[in-house]
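To be precise, the following lines are run27.cif, and they hold mmCIF, C-alpha atoms.
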data_run
#
loop_
_atom_site.label_atom_id
_atom_site.label_comp_id
_atom_site.auth_asym_id
_atom_site.auth_seq_id
_atom_site.Cartn_x
_atom_site.Cartn_y
_atom_site.Cartn_z
CA MET A 1 112.41 -41.00 -196.55
CA SER A 2 111.34 -37.62 -197.81
CA THR A 3 111.38 -36.90 -201.49
CA SER A 4 113.58 -33.87 -200.92
CA THR A 5 116.65 -36.11 -200.60
CA PRO A 6 117.15 -37.80 -203.97
CA THR A 7 119.64 -40.47 -204.90
CA ALA A 8 122.70 -39.72 -206.99
CA MET A 9 121.27 -41.70 -209.92
CA GLN A 10 118.08 -39.62 -209.94
CA GLU A 11 120.27 -36.52 -210.11
CA GLY A 12 122.24 -38.07 -212.97
CA LEU A 13 125.38 -38.24 -210.86
CA GLN A 14 127.74 -41.18 -210.54
CA SER A 15 129.47 -42.00 -207.31
CA CYS A 16 133.02 -43.32 -207.58
CA PRO A 17 133.16 -46.75 -205.87
CA ASP A 18 136.73 -46.14 -204.75
CA CYS A 19 137.17 -42.51 -203.81
CA GLY A 20 133.51 -41.51 -203.34
CA LEU A 21 133.61 -38.46 -205.59
CA LEU A 22 130.33 -37.56 -207.28
CA SER A 23 130.61 -36.63 -210.92
CA ARG A 24 128.34 -36.17 -213.92
CA PRO A 25 128.99 -38.36 -216.99
CA ALA A 26 129.09 -36.72 -220.41
CA SER A 27 125.51 -36.00 -221.47
CA GLY A 28 123.63 -39.14 -222.49
CA ALA A 29 126.52 -41.44 -221.61
CA GLU A 30 125.95 -44.41 -219.30
CA GLU A 31 129.54 -44.69 -218.25
CA GLY A 32 132.09 -42.15 -217.18
CA ARG A 33 135.48 -41.94 -215.63
CA CYS A 34 136.26 -40.58 -212.22
CA PRO A 35 138.18 -37.34 -212.80
CA ARG A 36 139.98 -37.78 -209.50
CA CYS A 37 141.11 -41.42 -209.48
CA ASP A 38 140.40 -42.48 -213.09
CA GLU A 39 138.20 -45.44 -212.08
CA GLU A 40 135.38 -46.47 -214.46
CA LEU A 41 132.02 -45.13 -213.32
CA VAL A 42 128.57 -46.68 -213.70
CA PHE A 43 125.24 -45.86 -212.07
CA ARG A 44 124.88 -49.44 -210.80
CA LYS A 45 127.30 -52.36 -210.97
CA LYS A 46 127.21 -53.86 -214.45
CA LYS A 47 124.88 -56.86 -214.84
CA SER A 48 124.83 -57.09 -211.06
CA LEU A 49 121.94 -59.56 -210.70
CA GLN A 50 122.99 -61.79 -213.61
CA ARG A 51 126.53 -62.06 -212.29
CA THR A 52 125.34 -62.73 -208.74
CA ILE A 53 123.01 -65.49 -209.96
CA ALA A 54 125.75 -67.04 -212.10
CA PHE A 55 128.23 -67.19 -209.21
CA LEU A 56 125.51 -68.52 -206.89
CA ALA A 57 124.55 -71.27 -209.32
CA ALA A 58 128.19 -72.31 -209.69
CA ALA A 59 128.62 -72.27 -205.90
CA ALA A 60 125.48 -74.36 -205.38
CA VAL A 61 126.76 -76.95 -207.87
CA CYS A 62 130.16 -77.16 -206.13
CA TYR A 63 128.45 -77.36 -202.72
CA ILE A 64 127.33 -80.94 -203.37
CA PRO A 65 130.75 -82.56 -204.10
CA ALA A 66 132.26 -80.31 -201.41
CA ASN A 67 130.15 -82.10 -198.81
CA LEU A 68 130.16 -85.60 -200.30
CA LEU A 69 133.80 -86.02 -201.33
CA PRO A 70 136.55 -86.51 -198.73
CA VAL A 71 138.64 -83.48 -197.84
CA MET A 72 141.37 -85.51 -196.15
CA THR A 73 142.71 -89.04 -196.42
CA THR A 74 144.75 -90.54 -193.58
CA VAL A 75 147.23 -93.18 -194.73
CA THR A 76 148.55 -95.60 -192.09
CA SER A 77 150.00 -99.07 -192.21
CA ALA A 78 146.51 -100.32 -191.41
CA GLY A 79 145.06 -98.73 -194.53
CA ARG A 80 143.48 -95.55 -195.84
CA GLU A 81 140.68 -93.65 -194.20
CA SER A 82 138.87 -90.71 -195.82
CA ASP A 83 136.96 -87.97 -194.05
CA THR A 84 134.36 -85.58 -195.43
CA ILE A 85 133.76 -82.20 -193.81
CA MET A 86 130.87 -83.48 -191.73
CA GLN A 87 132.92 -86.46 -190.52
CA GLY A 88 135.62 -83.98 -189.50
CA VAL A 89 133.08 -82.14 -187.35
CA VAL A 90 131.99 -85.38 -185.69
CA LEU A 91 135.59 -86.52 -185.08
CA LEU A 92 136.40 -83.22 -183.43
CA TRP A 93 133.48 -83.55 -181.01
CA SER A 94 134.87 -84.43 -177.59
CA PRO A 95 134.49 -83.16 -173.99
CA THR A 96 137.28 -80.63 -174.63
CA GLY A 97 137.09 -80.18 -178.38
CA TRP A 98 133.38 -79.39 -178.82
CA PRO A 99 133.74 -75.58 -179.08
CA LEU A 100 136.08 -75.99 -182.05
CA SER A 101 133.76 -78.61 -183.48
CA LEU A 102 130.93 -76.06 -183.32
CA ILE A 103 133.10 -73.40 -185.02
CA VAL A 104 133.84 -75.79 -187.90
CA LEU A 105 130.16 -76.79 -188.11
CA PHE A 106 129.16 -73.13 -188.40
CA ALA A 107 131.96 -72.06 -190.71
CA SER A 108 131.87 -75.02 -193.08
CA ILE A 109 128.28 -76.20 -193.21
CA MET A 110 125.98 -73.42 -192.03
CA ILE A 111 127.68 -70.26 -193.36
CA PRO A 112 128.04 -71.43 -197.00
CA SER A 113 124.43 -72.63 -197.21
CA ALA A 114 123.11 -69.55 -195.37
CA LYS A 115 125.06 -67.32 -197.76
CA ILE A 116 123.58 -69.00 -200.83
CA VAL A 117 120.01 -68.89 -199.45
CA GLY A 118 120.39 -65.29 -198.22
CA LEU A 119 121.73 -64.01 -201.53
CA ILE A 120 118.98 -65.82 -203.46
CA HIS A 121 116.47 -64.04 -201.23
CA LEU A 122 118.11 -60.66 -201.98
CA VAL A 123 118.20 -61.29 -205.73
CA ILE A 124 114.56 -62.42 -205.86
CA SER A 125 113.30 -59.51 -203.75
CA VAL A 126 115.15 -57.02 -205.96
CA LYS A 127 113.82 -58.69 -209.13
CA ARG A 128 110.27 -58.46 -207.78
CA GLY A 129 110.76 -54.79 -206.97
CA SER A 130 110.09 -55.26 -203.28
CA ILE A 131 110.04 -52.13 -201.14
CA ARG A 132 109.53 -53.93 -197.86
CA ASN A 133 112.09 -54.62 -195.12
CA ASN A 134 114.82 -52.61 -196.81
CA ILE A 135 116.72 -52.16 -193.55
CA GLN A 136 116.60 -55.89 -192.80
CA ARG A 137 117.72 -56.70 -196.32
CA ILE A 138 120.70 -54.34 -196.21
CA ARG A 139 121.64 -55.85 -192.82
CA LEU A 140 121.40 -59.31 -194.34
CA TYR A 141 123.74 -58.19 -197.15
CA ARG A 142 126.27 -56.76 -194.67
CA THR A 143 126.15 -59.88 -192.48
CA ILE A 144 126.75 -62.13 -195.49
CA ASP A 145 129.62 -59.87 -196.53
CA ILE A 146 131.29 -60.02 -193.09
CA ILE A 147 130.90 -63.70 -192.19
CA GLY A 148 131.63 -65.12 -195.66
CA ARG A 149 135.40 -65.27 -195.25
CA TRP A 150 135.11 -67.55 -192.18
CA SER A 151 134.09 -70.50 -194.35
CA MET A 152 137.72 -70.67 -195.39
CA VAL A 153 138.59 -72.21 -191.99
CA ASP A 154 138.29 -75.77 -193.24
CA VAL A 155 140.63 -75.13 -196.16
CA PHE A 156 143.30 -74.07 -193.65
CA VAL A 157 142.55 -77.02 -191.36
CA GLY A 158 143.19 -79.30 -194.33
CA THR A 159 146.31 -77.45 -195.40
CA PHE A 160 148.08 -77.56 -192.06
CA THR A 161 147.01 -81.07 -191.11
CA VAL A 162 148.44 -82.27 -194.40
CA ALA A 163 151.61 -80.19 -193.97
CA LEU A 164 152.35 -81.49 -190.48
CA ILE A 165 151.38 -85.14 -190.61
CA GLN A 166 153.99 -86.46 -193.00
CA LEU A 167 155.39 -89.26 -190.85
CA GLN A 168 155.97 -91.78 -193.62
CA PRO A 169 155.74 -94.72 -193.43
CA LEU A 170 153.90 -94.60 -190.10
CA MET A 171 151.21 -92.12 -190.90
CA SER A 172 150.55 -89.41 -193.42
CA VAL A 173 147.62 -87.25 -194.47
CA GLU A 174 146.77 -86.38 -198.06
CA PRO A 175 144.34 -83.71 -199.26
CA GLY A 176 141.17 -85.07 -200.86
CA PRO A 177 139.23 -83.89 -203.93
CA GLY A 178 136.51 -82.35 -201.70
CA LEU A 179 138.96 -79.65 -200.61
CA LEU A 180 139.04 -78.10 -204.09
CA PHE A 181 135.23 -78.00 -204.36
CA PHE A 182 134.93 -76.61 -200.88
CA ALA A 183 137.43 -73.84 -201.62
CA ALA A 184 135.50 -73.13 -204.84
CA VAL A 185 132.25 -72.68 -202.87
CA VAL A 186 133.91 -70.13 -200.59
CA VAL A 187 135.50 -68.16 -203.43
CA LEU A 188 132.39 -68.26 -205.65
CA THR A 189 130.06 -67.07 -202.86
CA MET A 190 132.48 -64.25 -202.02
CA MET A 191 132.45 -63.22 -205.68
CA ALA A 192 128.64 -63.39 -205.70
CA VAL A 193 128.53 -60.96 -202.75
CA GLU A 194 131.04 -58.72 -204.54
CA SER A 195 128.85 -58.66 -207.70
CA PHE A 196 125.66 -57.74 -205.87
CA ASP A 197 124.95 -54.01 -205.82
CA PRO A 198 123.21 -53.16 -202.51
CA ARG A 199 121.83 -49.93 -203.99
CA LEU A 200 119.42 -52.07 -206.06
CA ILE A 201 117.56 -52.84 -202.79
CA TRP A 202 116.53 -49.18 -202.56
CA ASP A 203 115.85 -48.46 -206.22
CA SER A 204 112.21 -49.64 -206.26
CA GLU A 205 111.45 -47.37 -203.33
CA ASN A 206 113.16 -44.45 -205.08
CA SER A 207 111.15 -44.94 -208.27
CA LYS A 208 107.88 -45.21 -206.32
CA GLU A 209 108.50 -41.86 -204.67
CA THR A 210 109.30 -39.91 -207.79
CA GLY A 211 107.11 -41.91 -210.18
CA LYS A 212 110.13 -42.28 -212.43
CA GLU A 213 111.09 -45.62 -213.89
CA VAL A 214 114.34 -47.07 -212.57
CA GLN A 215 116.98 -47.29 -215.25
CA HIS A 216 119.30 -50.20 -214.76
CA ALA A 217 122.77 -49.33 -215.92
CA MET B 1 136.75 -26.13 -206.22
CA GLU B 2 134.25 -28.93 -206.32
CA ASP B 3 132.40 -29.99 -203.22
CA ALA B 4 133.82 -33.19 -201.72
CA SER B 5 131.48 -33.09 -198.73
CA LEU B 6 128.56 -33.95 -201.05
CA ILE B 7 128.48 -37.72 -201.49
CA ALA B 8 126.15 -40.61 -202.29
CA CYS B 9 125.86 -43.45 -199.78
CA PRO B 10 127.66 -46.50 -201.29
CA HIS B 11 124.95 -48.83 -199.94
CA CYS B 12 121.75 -46.93 -200.85
CA ASP B 13 122.83 -44.08 -203.16
CA LEU B 14 121.20 -41.39 -201.01
CA MET B 15 122.81 -38.01 -201.62
CA GLN B 16 123.94 -36.20 -198.54
CA ARG B 17 126.50 -33.86 -197.12
CA ILE B 18 129.13 -35.13 -194.72
CA PRO B 19 129.28 -32.72 -191.82
CA GLU B 20 132.46 -31.89 -189.94
CA VAL B 21 132.40 -33.91 -186.73
CA GLU B 22 134.69 -33.99 -183.73
CA PRO B 23 137.48 -36.61 -183.63
CA GLY B 24 136.24 -40.06 -182.68
CA ALA B 25 132.71 -39.40 -183.94
CA SER B 26 131.34 -41.08 -187.04
CA VAL B 27 128.88 -40.05 -189.74
CA ARG B 28 126.19 -42.54 -190.72
CA CYS B 29 123.69 -42.66 -193.56
CA PRO B 30 120.23 -41.66 -192.20
CA ARG B 31 118.50 -44.16 -194.46
CA CYS B 32 120.57 -47.35 -194.31
CA ASP B 33 122.89 -46.70 -191.35
CA LYS B 34 126.09 -47.29 -193.34
CA GLU B 35 129.12 -45.66 -191.71
CA LEU B 36 130.17 -43.01 -194.21
CA TRP B 37 133.10 -41.48 -192.39
CA ARG B 38 134.76 -41.61 -189.04
CA HIS B 39 136.92 -38.73 -187.95
CA ARG B 40 140.06 -40.47 -186.69
CA GLU B 41 142.36 -38.78 -184.29
CA ASP B 42 145.97 -38.40 -185.45
CA SER B 43 145.23 -40.84 -188.29
CA PHE B 44 148.49 -40.52 -190.24
CA ASN B 45 150.95 -41.08 -187.38
CA ARG B 46 149.03 -43.93 -185.80
CA THR B 47 148.48 -45.72 -189.08
CA PHE B 48 152.15 -45.29 -189.99
CA ALA B 49 153.31 -46.78 -186.67
CA LEU B 50 150.90 -49.72 -186.94
CA THR B 51 151.83 -50.38 -190.57
CA LEU B 52 155.54 -50.41 -189.74
CA ALA B 53 154.92 -52.84 -186.85
CA SER B 54 152.76 -55.04 -189.12
CA LEU B 55 155.48 -55.09 -191.77
CA ILE B 56 158.09 -56.33 -189.27
CA LEU B 57 155.76 -59.00 -187.85
CA TYR B 58 154.74 -60.05 -191.36
CA ILE B 59 158.37 -60.68 -192.30
CA ILE B 60 159.00 -62.67 -189.09
CA ALA B 61 155.77 -64.64 -189.47
CA ASN B 62 156.70 -65.79 -192.96
CA SER B 63 160.35 -66.59 -192.40
CA VAL B 64 160.38 -68.76 -189.27
CA PRO B 65 158.55 -72.04 -188.54
CA MET B 66 154.94 -71.76 -187.44
CA LEU B 67 154.30 -75.26 -186.14
CA GLY B 68 156.44 -78.17 -185.12
CA LEU B 69 155.57 -81.75 -184.35
CA THR B 70 157.34 -84.62 -182.64
CA ALA B 71 156.12 -88.19 -182.78
CA VAL B 72 157.96 -91.46 -182.40
CA GLY B 73 161.36 -89.98 -183.04
CA HIS B 74 160.24 -87.90 -186.01
CA GLU B 75 160.41 -84.16 -185.95
CA ALA B 76 158.73 -81.94 -188.53
CA PHE B 77 158.32 -78.19 -188.90
CA THR B 78 156.26 -76.16 -191.26
CA THR B 79 155.88 -72.51 -192.22
CA VAL B 80 152.79 -70.93 -193.76
CA ILE B 81 154.36 -71.16 -197.21
CA GLY B 82 155.40 -74.75 -196.45
CA GLY B 83 151.74 -75.64 -195.95
CA ALA B 84 150.91 -74.40 -199.42
CA GLN B 85 153.95 -76.24 -200.87
CA GLN B 86 152.84 -79.57 -199.42
CA LEU B 87 149.37 -79.15 -200.97
CA TRP B 88 151.02 -78.43 -204.32
CA LYS B 89 153.12 -81.62 -204.05
CA ASP B 90 150.01 -83.64 -203.20
CA GLY B 91 148.29 -82.59 -206.41
CA GLN B 92 146.06 -79.82 -205.09
CA GLN B 93 147.72 -76.99 -207.01
CA ILE B 94 144.65 -74.74 -207.22
CA VAL B 95 143.97 -74.89 -203.48
CA ALA B 96 147.70 -74.37 -202.85
CA VAL B 97 147.65 -71.16 -204.90
CA LEU B 98 144.50 -70.00 -203.09
CA VAL B 99 146.04 -70.62 -199.65
CA MET B 100 149.20 -68.81 -200.74
CA PHE B 101 147.09 -65.90 -201.99
CA VAL B 102 144.85 -65.38 -198.95
CA ALA B 103 147.44 -66.20 -196.28
CA VAL B 104 150.64 -64.67 -197.67
CA ILE B 105 150.23 -62.53 -200.79
CA SER B 106 147.11 -60.53 -199.88
CA PRO B 107 148.27 -59.59 -196.36
CA GLY B 108 151.63 -58.61 -197.86
CA LEU B 109 149.97 -56.42 -200.49
CA GLN B 110 147.67 -54.94 -197.86
CA ILE B 111 150.63 -53.85 -195.72
CA GLY B 112 152.81 -52.86 -198.69
CA PHE B 113 150.16 -50.77 -200.45
CA LEU B 114 149.25 -48.93 -197.27
CA MET B 115 152.92 -48.26 -196.51
CA LEU B 116 153.49 -46.80 -199.99
CA VAL B 117 150.30 -44.73 -199.77
CA LEU B 118 151.44 -43.26 -196.46
CA LEU B 119 154.91 -42.52 -197.85
CA GLY B 120 153.32 -40.83 -200.88
CA CYS B 121 151.22 -38.73 -198.52
CA LEU B 122 154.31 -37.18 -197.03
CA ARG B 123 154.21 -34.89 -200.06
CA GLU B 124 151.84 -31.97 -199.84
CA ARG B 125 150.01 -33.14 -202.97
CA PRO B 126 150.16 -36.97 -203.19
CA PRO B 127 150.80 -38.09 -206.81
CA ALA B 128 148.27 -40.07 -208.87
CA TRP B 129 149.95 -43.48 -208.24
CA VAL B 130 148.96 -43.11 -204.58
CA GLY B 131 145.34 -43.15 -205.77
CA LEU B 132 145.98 -46.25 -207.86
CA LEU B 133 147.26 -48.14 -204.80
CA LEU B 134 144.57 -46.70 -202.54
CA ARG B 135 141.88 -47.99 -204.90
CA HIS B 136 143.10 -51.55 -204.53
CA ILE B 137 143.44 -51.65 -200.74
CA PRO B 138 139.80 -52.82 -200.20
CA PHE B 139 140.50 -55.78 -202.51
CA THR B 140 143.62 -56.85 -200.59
CA ARG B 141 141.65 -56.46 -197.38
CA THR B 142 138.81 -58.71 -198.56
CA TRP B 143 141.19 -61.51 -199.47
CA SER B 144 143.63 -61.26 -196.58
CA MET B 145 142.51 -63.95 -194.15
CA ILE B 146 145.13 -64.35 -191.44
CA GLU B 147 142.52 -64.40 -188.66
CA VAL B 148 140.64 -67.20 -190.42
CA MET B 149 143.87 -69.10 -190.93
CA LEU B 150 144.68 -68.94 -187.20
CA ILE B 151 141.36 -70.55 -186.29
CA GLY B 152 142.09 -73.19 -188.92
CA VAL B 153 145.52 -73.82 -187.39
CA LEU B 154 143.93 -74.12 -183.95
CA VAL B 155 141.50 -76.76 -185.20
CA ALA B 156 144.30 -78.64 -186.96
CA LEU B 157 146.36 -78.59 -183.74
CA THR B 158 143.50 -80.02 -181.71
CA LYS B 159 143.14 -82.86 -184.19
CA ILE B 160 146.86 -83.58 -184.34
CA ALA B 161 147.31 -83.41 -180.55
CA ASP B 162 145.77 -86.89 -180.37
CA TYR B 163 148.66 -88.43 -182.31
CA ALA B 164 151.69 -86.28 -181.60
CA THR B 165 153.22 -83.51 -179.52
CA VAL B 166 152.77 -80.14 -181.15
CA ILE B 167 155.27 -77.32 -180.72
CA PRO B 168 153.99 -73.81 -181.47
CA GLY B 169 156.62 -71.75 -183.33
CA ILE B 170 157.54 -68.07 -183.17
CA ALA B 171 155.55 -67.42 -186.36
CA LEU B 172 152.34 -68.57 -184.68
CA PHE B 173 152.67 -65.90 -182.00
CA SER B 174 153.67 -63.30 -184.60
CA LEU B 175 150.58 -64.12 -186.65
CA PHE B 176 148.40 -63.85 -183.58
CA ALA B 177 149.74 -60.33 -182.90
CA LEU B 178 149.54 -59.48 -186.61
CA VAL B 179 145.78 -60.14 -186.65
CA PHE B 180 145.23 -57.38 -184.10
CA LEU B 181 147.77 -55.04 -185.69
CA LEU B 182 146.17 -55.36 -189.14
CA ALA B 183 142.71 -54.67 -187.71
CA SER B 184 143.84 -51.54 -185.86
CA MET B 185 145.96 -50.42 -188.82
CA GLN B 186 142.88 -50.46 -191.06
CA SER B 187 140.62 -48.79 -188.52
CA CYS B 188 143.10 -45.94 -187.89
CA PHE B 189 143.47 -45.23 -191.59
CA ASP B 190 141.30 -42.49 -193.07
CA PRO B 191 141.10 -42.90 -196.87
CA ARG B 192 138.83 -39.88 -197.20
CA GLU B 193 141.54 -37.60 -195.87
CA VAL B 194 144.05 -38.94 -198.43
CA TRP B 195 141.54 -38.65 -201.30
CA SER B 196 140.88 -35.04 -200.42
CA ARG B 197 144.55 -34.15 -200.95
CA ILE B 198 145.42 -36.36 -203.89
CA GLU B 199 146.42 -35.10 -207.34
CA TRP B 200 143.54 -35.49 -209.80
CA ALA B 201 143.76 -37.75 -212.83
CA GLU B 202 142.18 -34.91 -214.86
CA PRO B 203 143.41 -31.73 -213.20
CA GLU B 204 141.25 -29.43 -215.32
CA ALA B 205 138.08 -31.34 -214.35
CA SER B 206 137.93 -29.95 -210.83
CA THR B 207 137.16 -26.47 -212.08
CA ILE B 208 134.64 -27.59 -214.73
CA LYS B 209 132.69 -29.57 -212.21
CA SER B 210 132.12 -26.70 -209.83
CA LYS B 211 130.22 -24.99 -212.66
CA GLN B 212 128.05 -28.08 -213.16
CA TYR B 213 127.05 -28.13 -209.55
CA SER B 214 126.09 -24.48 -209.51
CA LYS B 215 123.63 -25.02 -212.38
#
Go ahead and render the structure in this file as structure tokens.
Amino acid sequence: MSTSTPTAMQEGLQSCPDCGLLSRPASGAEEGRCPRCDEELVFRKKKSLQRTIAFLAAAAVCYIPANLLPVMTTVTSAGRESDTIMQGVVLLWSPTGWPLSLIVLFASIMIPSAKIVGLIHLVISVKRGSIRNNIQRIRLYRTIDIIGRWSMVDVFVGTFTVALIQLQPLMSVEPGPGLLFFAAVVVLTMMAVESFDPRLIWDSENSKETGKEVQHA
Amino acid sequence: MEDASLIACPHCDLMQRIPEVEPGASVRCPRCDKELWRHREDSFNRTFALTLASLILYIIANSVPMLGLTAVGHEAFTTVIGGAQQLWKDGQQIVAVLVMFVAVISPGLQIGFLMLVLLGCLRERPPAWVGLLLRHIPFTRTWSMIEVMLIGVLVALTKIADYATVIPGIALFSLFALVFLLASMQSCFDPREVWSRIEWAEPEASTIKSKQYSK
């Protein structure tokens, strides 16, 4: 981009995250308040990278029990049988059920791990001050943001299977401990996306153009 | 007055002016391709109609049974809230609260906030509380997951169909329609138009700022 179009931060202006109004904080101040909607203003989200990393680390830790512990336990007169998420995918695989099996495989196994890996890539590239592939990186961020919610599918599968199959003493389904960890992974990765400030992707490029050092707010 | 057409892209911070475009057209950031504004046709009336329809379907969807099941003489029905209740009883309180939040509370807030914002906009100068609600609509939108829940229900039904006969309830069809209504409700709504009319938190600031820009 040409140097004639600066960013708001280079101009010393803060953009309101909610209403979009540009305003100038009191001289020397890092934080301001939006005069229109009264929201707190910062140049960049506070401690964006640290918070993203913290949520990612927590999500990665929960990811292990989420996949190893059972999410559902079926109780019949013949005994108890527990299923993990992956076993659920396999059980669902049938000549008619395979499309749904694929949806669960994508939503529960691939999306959470892809989100964690993708966000780690974004954090590392920003930390290293990369100026390459900015468009691809912002697309990666938007994709992660849009598909993240779909991981919640398995939590709902568990909820409604448990709610419906209560045919005591014949057969009943109980939620397993894996469900909590799995839900935690989904929520934590969504919070990691929320903490990441996409404008950081462009800041190295901005500072290269003007020769000015980027000031992290 | 200050210049509201001058903005910074929320995804790359590039400063730019939003031009007036014809209805239906959208304005995108030249650097990162983020959609900055779309000029919606007849935004207020359409959003109001869709919000009202969503509100009615939301009430139906949460008051009648969603799924029923018959097996060996047993019959069981559940609502969306009933699903969360059963999880709570089975010792998964945290997950129960989460399900309640993303499937019932957030969609409710999303519809309710938007309805109140639209009602507030009937005044020529919407009061500051409209802004407070408007600010929180993106949050309710992020956490309202009815479309995800429906896929989850579909998967659960396929699994259960092996053991029992499943009866889809009225709420299931209402939720299905609600998914499309919520999506069109959000895409018809133009927050920028509301922000441009709203009463400022600091009324005197609007005049000070125009001086800053002219410097």
Expanded to explicit residues, what is the PyMOL selection byres ((chain B) within 6 of (chain A)) for this file, as a short mmCIF file (atom, residue, chain, number, x, y, z; two decimals) with C-alpha atoms, keeping the file's coordinate frame?
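As a result, expr_35.cif now contains:
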data_model
loop_
_atom_site.label_atom_id
_atom_site.label_comp_id
_atom_site.auth_asym_id
_atom_site.auth_seq_id
_atom_site.Cartn_x
_atom_site.Cartn_y
_atom_site.Cartn_z
CA ALA B 8 126.15 -40.61 -202.29
CA HIS B 11 124.95 -48.83 -199.94
CA CYS B 12 121.75 -46.93 -200.85
CA ASP B 13 122.83 -44.08 -203.16
CA LEU B 14 121.20 -41.39 -201.01
CA MET B 15 122.81 -38.01 -201.62
CA GLY B 83 151.74 -75.64 -195.95
CA GLN B 86 152.84 -79.57 -199.42
CA VAL B 95 143.97 -74.89 -203.48
CA GLY B 131 145.34 -43.15 -205.77
CA ARG B 135 141.88 -47.99 -204.90
CA VAL B 148 140.64 -67.20 -190.42
CA MET B 149 143.87 -69.10 -190.93
CA GLY B 152 142.09 -73.19 -188.92
CA VAL B 153 145.52 -73.82 -187.39
CA ALA B 156 144.30 -78.64 -186.96
CA TRP B 200 143.54 -35.49 -209.80
CA ALA B 201 143.76 -37.75 -212.83
CA GLU B 202 142.18 -34.91 -214.86
#
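Note that CA of Gln16 (chain B) and CA of Pro203 (chain B) are 24.8 Å apart.
Going from CA of Leu50 (chain B) to CA of Ser187 (chain B) covers 10.4 Å.
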Return as a short mmCIF file (atom, residue, chain, number, x, y, z; two decimals) with C-alpha atoms, keeping the file's coordinate frame the set of residues that the PyMOL selection byres ((chain B and resi 57) around 10) yields on the displayed structure.
data_model
loop_
_atom_site.label_atom_id
_atom_site.label_comp_id
_atom_site.auth_asym_id
_atom_site.auth_seq_id
_atom_site.Cartn_x
_atom_site.Cartn_y
_atom_site.Cartn_z
CA THR B 51 151.83 -50.38 -190.57
CA LEU B 52 155.54 -50.41 -189.74
CA ALA B 53 154.92 -52.84 -186.85
CA SER B 54 152.76 -55.04 -189.12
CA LEU B 55 155.48 -55.09 -191.77
CA ILE B 56 158.09 -56.33 -189.27
CA TYR B 58 154.74 -60.05 -191.36
CA ILE B 59 158.37 -60.68 -192.30
CA ILE B 60 159.00 -62.67 -189.09
CA ALA B 61 155.77 -64.64 -189.47
CA ASN B 62 156.70 -65.79 -192.96
CA SER B 63 160.35 -66.59 -192.40
CA ALA B 171 155.55 -67.42 -186.36
CA PHE B 173 152.67 -65.90 -182.00
CA SER B 174 153.67 -63.30 -184.60
CA LEU B 175 150.58 -64.12 -186.65
CA PHE B 176 148.40 -63.85 -183.58
CA ALA B 177 149.74 -60.33 -182.90
CA LEU B 178 149.54 -59.48 -186.61
CA LEU B 181 147.77 -55.04 -185.69
#
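The set of residues that the PyMOL selection byres ((chain B and resi 99-105) around 7) takes from this file is B:Ile81, B:Ala84, B:Val95, B:Ala96, B:Val97, B:Leu98, B:Ser106, B:Pro107, B:Gly108, B:Leu109, B:Trp143, B:Ser144, B:Met145, B:Ile146.
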Give the centre and edge lengths of an axis-aligned box, in Å to one decimal, that holds all listed atoms of region 71-89 of chain B with 5 Å on each side, as AutoDock Vina command-line options.
--center_x 155.4 --center_y -81.2 --center_z -193.4 --size_x 22.0 --size_y 30.5 --size_z 31.9
Residues near Leu133 (chain B), cut-off 9 Å, only C-alpha atoms, skip fewer than 6 positions along chain, as a list in words: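 Counting only C-alpha atoms, the residues come to Phe113, Leu114, Leu116 and Val117 of chain B.
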Surrounding residues of region 32-43 of chain B excluding itself and chain neighbours under 6 positions, 6 Å, only C-alpha atoms, as a ChimeraX atom specification: /B:23-26,188-189
Could the residues in this selection be saved with C-alpha atoms as a PDB file, in the frame of the given file?
ATOM      1  CA  PRO B  23     137.480 -36.610-183.630  1.00  0.00           C
ATOM      2  CA  GLY B  24     136.240 -40.060-182.680  1.00  0.00           C
ATOM      3  CA  ALA B  25     132.710 -39.400-183.940  1.00  0.00           C
ATOM      4  CA  SER B  26     131.340 -41.080-187.040  1.00  0.00           C
ATOM      5  CA  CYS B 188     143.100 -45.940-187.890  1.00  0.00           C
ATOM      6  CA  PHE B 189     143.470 -45.230-191.590  1.00  0.00           C
TER       7      PHE B 189
END
Interatomic distance, CA of Arg197 (chain B) to CA of Cys9 (chain B) (Å, one decimal):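 Separation of CA of Arg197 (chain B) and CA of Cys9 (chain B): 20.9 Å.
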Spatial neighbours of Val123 (chain A), max dist 10 Å, all atoms listed in the file, sep filter under 2 positions, as a VMD selection string: chain A and resid 48 to 50 52 to 53 118 to 121 125 to 129 196 to 197 200 to 201
For C-alpha atoms, I'd like the residues from the last selection saved as a tab-separated table (two decimals), in the coordinates of the input.
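Result saved to again27.tsv:
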chain	number	residue	atom	x	y	z
A	48	SER	CA	124.83	-57.09	-211.06
A	49	LEU	CA	121.94	-59.56	-210.70
A	50	GLN	CA	122.99	-61.79	-213.61
A	52	THR	CA	125.34	-62.73	-208.74
A	53	ILE	CA	123.01	-65.49	-209.96
A	118	GLY	CA	120.39	-65.29	-198.22
A	119	LEU	CA	121.73	-64.01	-201.53
A	120	ILE	CA	118.98	-65.82	-203.46
A	121	HIS	CA	116.47	-64.04	-201.23
A	125	SER	CA	113.30	-59.51	-203.75
A	126	VAL	CA	115.15	-57.02	-205.96
A	127	LYS	CA	113.82	-58.69	-209.13
A	128	ARG	CA	110.27	-58.46	-207.78
A	129	GLY	CA	110.76	-54.79	-206.97
A	196	PHE	CA	125.66	-57.74	-205.87
A	197	ASP	CA	124.95	-54.01	-205.82
A	200	LEU	CA	119.42	-52.07	-206.06
A	201	ILE	CA	117.56	-52.84	-202.79
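The residue set within 12 Å of Gly178 (chain A), counting all atoms listed in the file and dropping same-chain residues fewer than 5 places from it, reads Cys62, Tyr63, Ile64, Pro65, Ala66, Asn67, Leu68, Leu69, Pro70, Val71, Met72, Thr73, Ser82, Asp83, Thr84, Ile85, Met86, Asp154, Val155, Gly158, Ala183, Ala184 and Val185 of chain A; Gln92 and Val95 of chain B.
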